[in-house]
Every structure is written in C-alpha cells, then in structure tokens.
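Chemist: Got entry_24.txt for you, compact mmCIF, C-alpha atoms:
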```txt
# COMPACT_ATOMS: atom_id res chain seq x y z
CA GLY A 1 -8.29 6.39 -10.65
CA GLU A 2 -6.87 2.89 -10.39
CA ASP A 3 -5.32 0.90 -13.20
CA VAL A 4 -5.66 -2.21 -11.07
CA GLU A 5 -9.15 -3.68 -10.71
CA GLN A 6 -10.59 -5.96 -8.06
CA SER A 7 -14.07 -7.02 -7.07
CA LEU A 8 -15.12 -5.16 -3.94
CA PHE A 9 -16.61 -7.93 -1.82
CA LEU A 10 -16.17 -11.65 -1.17
CA SER A 11 -17.92 -13.76 1.44
CA VAL A 12 -16.94 -17.33 2.31
CA ARG A 13 -17.58 -19.84 5.08
CA GLU A 14 -14.89 -20.75 7.56
CA GLY A 15 -12.83 -23.67 6.28
CA ASP A 16 -13.58 -22.98 2.62
CA SER A 17 -11.05 -21.61 0.15
CA SER A 18 -11.17 -17.95 -0.83
CA VAL A 19 -10.08 -16.72 -4.23
CA ILE A 20 -9.55 -13.00 -4.74
CA ASN A 21 -9.02 -11.85 -8.30
CA CYS A 22 -7.25 -8.85 -9.74
CA THR A 23 -6.54 -7.50 -13.21
CA TYR A 24 -3.80 -5.04 -13.99
CA THR A 25 -2.98 -3.04 -17.06
CA ASP A 26 0.79 -2.49 -17.15
CA SER A 27 2.35 -5.42 -18.96
CA SER A 28 5.78 -4.15 -17.95
CA SER A 29 5.07 -4.42 -14.23
CA THR A 30 8.00 -6.01 -12.46
CA TYR A 31 6.41 -7.17 -9.24
CA LEU A 32 2.83 -7.89 -8.20
CA TYR A 33 1.75 -7.88 -4.57
CA TRP A 34 -1.00 -8.83 -2.21
CA TYR A 35 -1.50 -6.78 0.95
CA LYS A 36 -3.94 -7.25 3.82
CA GLN A 37 -5.45 -4.38 5.78
CA GLU A 38 -7.32 -4.91 9.03
CA PRO A 39 -9.49 -2.17 10.56
CA GLY A 40 -7.49 0.75 11.89
CA ALA A 41 -4.20 -0.71 10.71
CA GLY A 42 -1.74 -0.14 7.91
CA LEU A 43 -1.10 -2.59 5.11
CA GLN A 44 0.55 -5.91 5.78
CA LEU A 45 2.50 -7.47 2.94
CA LEU A 46 1.19 -10.99 2.45
CA THR A 47 3.12 -12.13 -0.57
CA TYR A 48 4.50 -10.99 -3.88
CA ILE A 49 5.39 -12.56 -7.19
CA PHE A 50 7.94 -11.64 -9.82
CA SER A 51 6.45 -10.96 -13.20
CA ASN A 52 8.41 -13.85 -14.74
CA MET A 53 6.76 -16.42 -12.44
CA ASP A 54 3.33 -17.93 -12.85
CA MET A 55 2.76 -19.35 -9.39
CA LYS A 56 3.96 -18.91 -5.84
CA GLN A 57 2.85 -20.84 -2.78
CA ASP A 58 3.41 -19.78 0.81
CA GLN A 59 1.66 -21.89 3.44
CA ARG A 60 -2.09 -21.27 3.01
CA LEU A 61 -1.55 -18.68 0.28
CA THR A 62 -1.24 -19.43 -3.42
CA VAL A 63 -0.68 -16.70 -5.98
CA LEU A 64 -1.37 -17.33 -9.64
CA LEU A 65 -0.23 -14.97 -12.38
CA ASN A 66 -1.48 -15.06 -15.95
CA LYS A 67 0.64 -12.51 -17.80
CA LYS A 68 -1.16 -12.96 -21.07
CA ASP A 69 -4.48 -11.91 -19.52
CA LYS A 70 -2.84 -9.59 -16.92
CA HIS A 71 -4.71 -11.51 -14.23
CA LEU A 72 -3.52 -12.13 -10.70
CA SER A 73 -5.28 -14.19 -8.05
CA LEU A 74 -4.80 -14.95 -4.39
CA ARG A 75 -6.13 -18.20 -3.00
CA ILE A 76 -6.41 -18.61 0.76
CA ALA A 77 -6.86 -22.24 1.78
CA ASP A 78 -8.85 -23.19 4.90
CA THR A 79 -10.04 -19.61 5.40
CA GLN A 80 -10.37 -18.56 9.03
CA THR A 81 -12.35 -15.76 10.68
CA GLY A 82 -9.03 -14.02 11.32
CA ASP A 83 -8.60 -13.72 7.56
CA SER A 84 -11.49 -11.25 7.41
CA ALA A 85 -9.93 -8.02 6.13
CA ILE A 86 -9.49 -5.94 3.00
CA TYR A 87 -7.07 -7.40 0.48
CA PHE A 88 -5.23 -5.15 -1.94
CA CYS A 89 -3.62 -6.15 -5.17
CA ALA A 90 -0.76 -3.88 -6.30
CA GLU A 91 1.68 -3.63 -9.16
CA LYS A 92 5.08 -2.02 -9.37
CA GLY A 93 5.88 -0.49 -12.72
CA THR A 94 9.27 -0.21 -14.33
CA ASN A 95 9.72 3.28 -12.88
CA ASN A 96 9.09 1.86 -9.40
CA ASP A 97 5.71 3.53 -8.89
CA MET A 98 3.16 1.45 -7.01
CA ARG A 99 -0.47 1.19 -8.14
CA PHE A 100 -3.10 -0.38 -5.92
CA GLY A 101 -6.53 -1.80 -6.57
CA ALA A 102 -9.53 -0.58 -4.60
CA GLY A 103 -9.36 -3.59 -2.30
CA THR A 104 -11.57 -6.64 -1.82
CA ARG A 105 -13.37 -6.90 1.50
CA LEU A 106 -13.28 -10.55 2.56
CA THR A 107 -15.87 -11.65 5.09
CA VAL A 108 -15.49 -15.08 6.66
CA LYS A 109 -18.64 -16.51 8.21
CA PRO A 110 -18.35 -19.08 11.01
CA LYS B 1 12.80 -5.02 15.70
CA ALA B 2 10.33 -2.14 15.95
CA GLY B 3 8.03 -1.60 12.99
CA VAL B 4 7.35 1.56 11.03
CA THR B 5 6.02 4.29 13.29
CA GLN B 6 3.99 7.30 12.27
CA THR B 7 3.12 10.36 14.28
CA PRO B 8 0.67 11.69 15.02
CA ARG B 9 -1.92 8.95 14.59
CA TYR B 10 -4.83 11.39 14.32
CA LEU B 11 -4.98 15.01 13.35
CA ILE B 12 -7.70 17.59 12.80
CA LYS B 13 -6.94 20.74 10.83
CA THR B 14 -8.94 23.46 9.10
CA ARG B 15 -8.87 24.49 5.48
CA GLY B 16 -5.92 26.66 4.56
CA GLN B 17 -3.67 25.37 7.33
CA GLN B 18 -0.59 23.31 6.74
CA VAL B 19 0.37 20.00 8.32
CA THR B 20 3.51 17.93 8.82
CA LEU B 21 3.41 14.18 9.29
CA SER B 22 6.33 12.10 10.47
CA CYS B 23 7.48 8.59 9.67
CA SER B 24 10.24 6.56 11.29
CA PRO B 25 11.22 3.55 9.19
CA ILE B 26 12.32 0.18 10.45
CA SER B 27 15.89 0.36 11.69
CA GLY B 28 18.27 -0.14 8.78
CA HIS B 29 15.69 0.68 6.12
CA ARG B 30 16.73 3.50 3.85
CA SER B 31 13.75 3.88 1.57
CA VAL B 32 10.53 5.55 2.66
CA SER B 33 7.39 5.86 0.55
CA TRP B 34 4.21 7.79 1.29
CA TYR B 35 0.67 6.94 0.22
CA GLN B 36 -2.72 8.58 0.54
CA GLN B 37 -5.74 6.36 1.17
CA THR B 38 -9.28 7.67 0.69
CA PRO B 39 -12.60 5.85 0.21
CA GLY B 40 -13.08 7.46 -3.18
CA GLN B 41 -9.62 7.19 -4.73
CA GLY B 42 -8.23 4.23 -2.82
CA LEU B 43 -4.49 4.03 -2.26
CA GLN B 44 -2.41 6.47 -4.22
CA PHE B 45 1.34 6.78 -4.28
CA LEU B 46 2.69 10.17 -3.21
CA PHE B 47 6.47 9.90 -3.31
CA GLU B 48 9.48 7.79 -2.39
CA TYR B 49 12.68 8.91 -0.70
CA PHE B 50 15.98 7.13 -0.61
CA SER B 51 19.21 8.49 0.86
CA GLU B 52 17.59 11.88 1.47
CA THR B 53 16.61 12.26 -2.19
CA GLN B 54 13.18 12.05 -3.74
CA ARG B 55 13.44 9.17 -6.21
CA ASN B 56 9.90 8.90 -7.45
CA LYS B 57 6.77 11.01 -7.34
CA GLY B 58 3.08 10.33 -7.87
CA ASN B 59 0.54 12.59 -9.47
CA PHE B 60 -0.17 15.04 -6.66
CA PRO B 61 -0.09 18.86 -6.64
CA GLY B 62 2.92 20.76 -5.38
CA ARG B 63 1.14 21.40 -2.06
CA PHE B 64 2.32 17.91 -1.12
CA SER B 65 6.00 17.73 -0.33
CA GLY B 66 8.34 15.65 1.70
CA ARG B 67 11.86 15.19 2.86
CA GLN B 68 14.09 12.57 4.35
CA PHE B 69 16.75 13.04 6.97
CA SER B 70 20.14 11.42 7.30
CA ASN B 71 18.73 8.91 9.80
CA SER B 72 16.14 7.89 7.15
CA ARG B 73 13.24 9.39 9.07
CA SER B 74 10.87 11.17 6.73
CA GLU B 75 8.36 13.97 6.96
CA MET B 76 5.51 14.83 4.68
CA ASN B 77 4.05 18.31 4.46
CA VAL B 78 0.77 19.47 3.01
CA SER B 79 0.28 23.20 2.66
CA THR B 80 -2.98 25.12 2.16
CA LEU B 81 -5.11 22.17 3.21
CA GLU B 82 -8.30 21.39 1.32
CA LEU B 83 -11.28 19.35 2.45
CA GLY B 84 -10.31 16.67 -0.06
CA ASP B 85 -7.00 16.14 1.71
CA SER B 86 -8.83 14.31 4.48
CA ALA B 87 -7.40 10.81 4.28
CA LEU B 88 -5.29 8.14 5.89
CA TYR B 89 -1.66 8.82 5.09
CA LEU B 90 0.47 5.71 5.09
CA CYS B 91 4.21 5.45 5.19
CA ALA B 92 6.14 2.37 4.10
CA SER B 93 9.79 1.52 4.44
CA SER B 94 12.09 -0.93 2.72
CA LEU B 95 15.75 -1.77 2.89
CA VAL B 96 16.71 -0.18 -0.39
CA GLN B 97 14.97 1.62 -3.20
CA GLY B 98 12.62 -0.34 -5.36
CA VAL B 99 12.91 -3.61 -3.45
CA GLU B 100 9.76 -5.66 -3.28
CA THR B 101 9.30 -5.84 0.46
CA GLN B 102 7.67 -2.71 1.82
CA TYR B 103 6.50 -2.58 5.42
CA PHE B 104 3.69 -0.19 6.25
CA GLY B 105 3.08 1.89 9.33
CA PRO B 106 -0.37 2.25 10.93
CA GLY B 107 -0.98 5.57 9.21
CA THR B 108 -1.94 9.09 10.22
CA ARG B 109 -5.61 9.89 9.86
CA LEU B 110 -6.03 13.52 8.84
CA LEU B 111 -9.38 15.27 8.97
CA VAL B 112 -9.68 18.68 7.34
CA LEU B 113 -12.67 20.78 8.43
```
Have the structure of the file written as structure tokens, please.
Modeler:
Amino acid sequence: GEDVEQSLFLSVREGDSSVINCTYTDSSSTYLYWYKQEPGAGLQLLTYIFSNMDMKQDQRLTVLLNKKDKHLSLRIADTQTGDSAIYFCAEKGTNNDMRFGAGTRLTVKP
Amino acid sequence: KAGVTQTPRYLIKTRGQQVTLSCSPISGHRSVSWYQQTPGQGLQFLFEYFSETQRNKGNFPGRFSGRQFSNSRSEMNVSTLELGDSALYLCASSLVQGVETQYFGPGTRLLVL
C-alpha cells in the first residue's frame, strides 16, 4: 500500500486554478515530486522540491511544502484542457526508494 | 535526444511462463529504475540499477529480477508469472544514482492470462 495519500479526483473549469494536495509520512524524505501521466503514456516529471524548501514556482506551477504537517500541494494556474491527466505525488526516502501516491485524476471542463 | 524506450509495448503471457522486458535509457544516463503500476496497488518501486549493479530494491518477491548492461540498457525478468503480475511496467532513467530528475518511458503493458 501507499504511504503517500492523495485525493482521487479533481474537477475544475478552464481558466481556474487547480490545487492538488498530497500528504506523506516519511519526515526524512529528501525530495518530493509531482508527475503527470496522460492516457497510454509514462510519467512526465513536472517539478520537484527539496525537503529544505517551502515553495517552488515554475511558470504556471507552484509547489508548496509544509514539512511540519507533511503536506505537499501543486497549484496549476490558468488550468487548460491539456492539463487533464493523472497527477502523482512522490517522495524519495533517505535510502533512495521512491513512493508514489495513488494519483489524482484532474478533469478540466471547457 | 531520444527519450527512454521500452520494448515490447504490449505483451500477453500465460500463468507459469516467464517474461523479459527491455529498457533503453536516455543516452548518457547511467541509472535505470523499474516500477510496476496496477489499478489496485498504484505505482510501486521494483529496483534501481546503476553501473550494472542493483543499488536499491523494492518489496517484491524473488521472481522479479533485473540486470543492467555496460551500455546502461536494462532488462527486467519475471519468472513463473501469476495473474496478479498483469500491470504496466515503467522504466525510468537518470544521469546518476539518486538524482532527482527521472525520465520515464511509455511502459510495457503485460497481461497474464
């Protein structure tokens, strides 16, 4: 089973912001990641954050990390229909093993 | 630069058979990791290879094994297939071991009948 938890579904309207949340359990995780998976494809790395940071911004993507609560979020500004996909949160532990959440299916309505 | 390639893309096997999947990393990448993705268990880490050595292993039975060649290409083998081995097997490569940027291939979808 997963140690990383995410809500399974999120639906937003085109142009709105999307916020996908994730909680993890390993306080010693070194890196935290967000991946995107489109139908029939592998995972695409969207962004990552070092565990000693609390925020990272990359164009339309903003990652927030709250280490105290072990909470990670991904905000997508001006969400487009092309952003519809499954988004995975993942953590890398100190022994370099990767643990993934179950994925959040984002649906963007026109 | 070509991405991570995996062959074959689709495979059908029967219980008890064995299967070998192949992964070619991005040119210059020396680390290859394998993952199993199923609807029930999600994405689970299988193992990571770097410089032809297994550096890290997930919690899978010994029926799952792998190897890496001197050109960094990797193969994964599953022996005595079970129905529950039906999954999408993903390979990811990165420049060196443990670095944050992993690039994933499209996966091999295995169906065990």
Chemist: For the point (-4.9, 16.4, -0.5) in the file's frame, write as number ranges by chain all residues with an atom no more than 12 Å away, counting all atoms listed in the file.
Modeler: B: 15-19, 35-38, 41, 44, 46, 59-65, 76-89, 110-112
Chemist: Could you give me, as a list of chain:residue names, the residues within 8 Å of B:Val32, counting all atoms listed in the file and dropping anything in the same chain fewer than 6 positions from it?
Modeler: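 The neighbour list is B:Pro25, B:Glu48, B:Tyr49, B:Phe50, B:Ser72, B:Arg73, B:Ser74, B:Cys91, B:Ala92, B:Ser93, B:Ser94.
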Chemist: Mind giving me the straight-line distance from atom CA of A:Thr25 to atom CA of A:Ser51 in Å, one decimal?
Modeler: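 Spanning atom CA of A:Thr25 to atom CA of A:Ser51 is a straight-line distance of 12.9 Å.
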Chemist: Do a neighbour search on A:Gln6 at 12 Å with all atoms listed in the file, toss out local chain neighbours closer than 4 positions, and write the hits as a PyMOL selection string.
Modeler: (chain A and resi 2+10+19-24+34+71-74+86-90+100-106) or (chain B and resi 42)
Chemist: Counting all atoms listed in the file, which residues of chain A come no farther than 9 Å from chain B, as a short mmCIF file (atom, residue, chain, number, x, y, z; two decimals) with C-alpha atoms, in the coordinates of the input?
Modeler:
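Contents of the output file selection-v3.cif:
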```
data_model
loop_
_atom_site.label_atom_id
_atom_site.label_comp_id
_atom_site.auth_asym_id
_atom_site.auth_seq_id
_atom_site.Cartn_x
_atom_site.Cartn_y
_atom_site.Cartn_z
CA GLY A 1 -8.29 6.39 -10.65
CA GLU A 2 -6.87 2.89 -10.39
CA TYR A 31 6.41 -7.17 -9.24
CA LEU A 32 2.83 -7.89 -8.20
CA TYR A 33 1.75 -7.88 -4.57
CA GLY A 40 -7.49 0.75 11.89
CA ALA A 41 -4.20 -0.71 10.71
CA GLY A 42 -1.74 -0.14 7.91
CA LEU A 43 -1.10 -2.59 5.11
CA GLN A 44 0.55 -5.91 5.78
CA LEU A 45 2.50 -7.47 2.94
CA THR A 47 3.12 -12.13 -0.57
CA TYR A 48 4.50 -10.99 -3.88
CA LYS A 92 5.08 -2.02 -9.37
CA ASN A 95 9.72 3.28 -12.88
CA ASN A 96 9.09 1.86 -9.40
CA ASP A 97 5.71 3.53 -8.89
CA MET A 98 3.16 1.45 -7.01
CA ARG A 99 -0.47 1.19 -8.14
CA PHE A 100 -3.10 -0.38 -5.92
CA GLY A 101 -6.53 -1.80 -6.57
CA ALA A 102 -9.53 -0.58 -4.60
CA GLY A 103 -9.36 -3.59 -2.30
#
```
Chemist: For the atom pair atom CA of A:Arg13 and atom CA of A:Leu64, what is the interatomic distance in Å to one decimal place?
Modeler: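 Result for atom CA of A:Arg13 versus atom CA of A:Leu64: 22.0 Å, one decimal.
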Chemist: Between A:Thr107, A:Gly82, A:Lys70, A:Met55, which one has atoms that come closest to A:Val4, using all atoms listed in the file?
Modeler: A:Lys70
Chemist: In Å, with one decimal, what is the gap from atom CA of B:Arg67 to atom CA of B:Thr14?
Modeler: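 Separation of atom CA of B:Arg67 and atom CA of B:Thr14: 23.2 Å.
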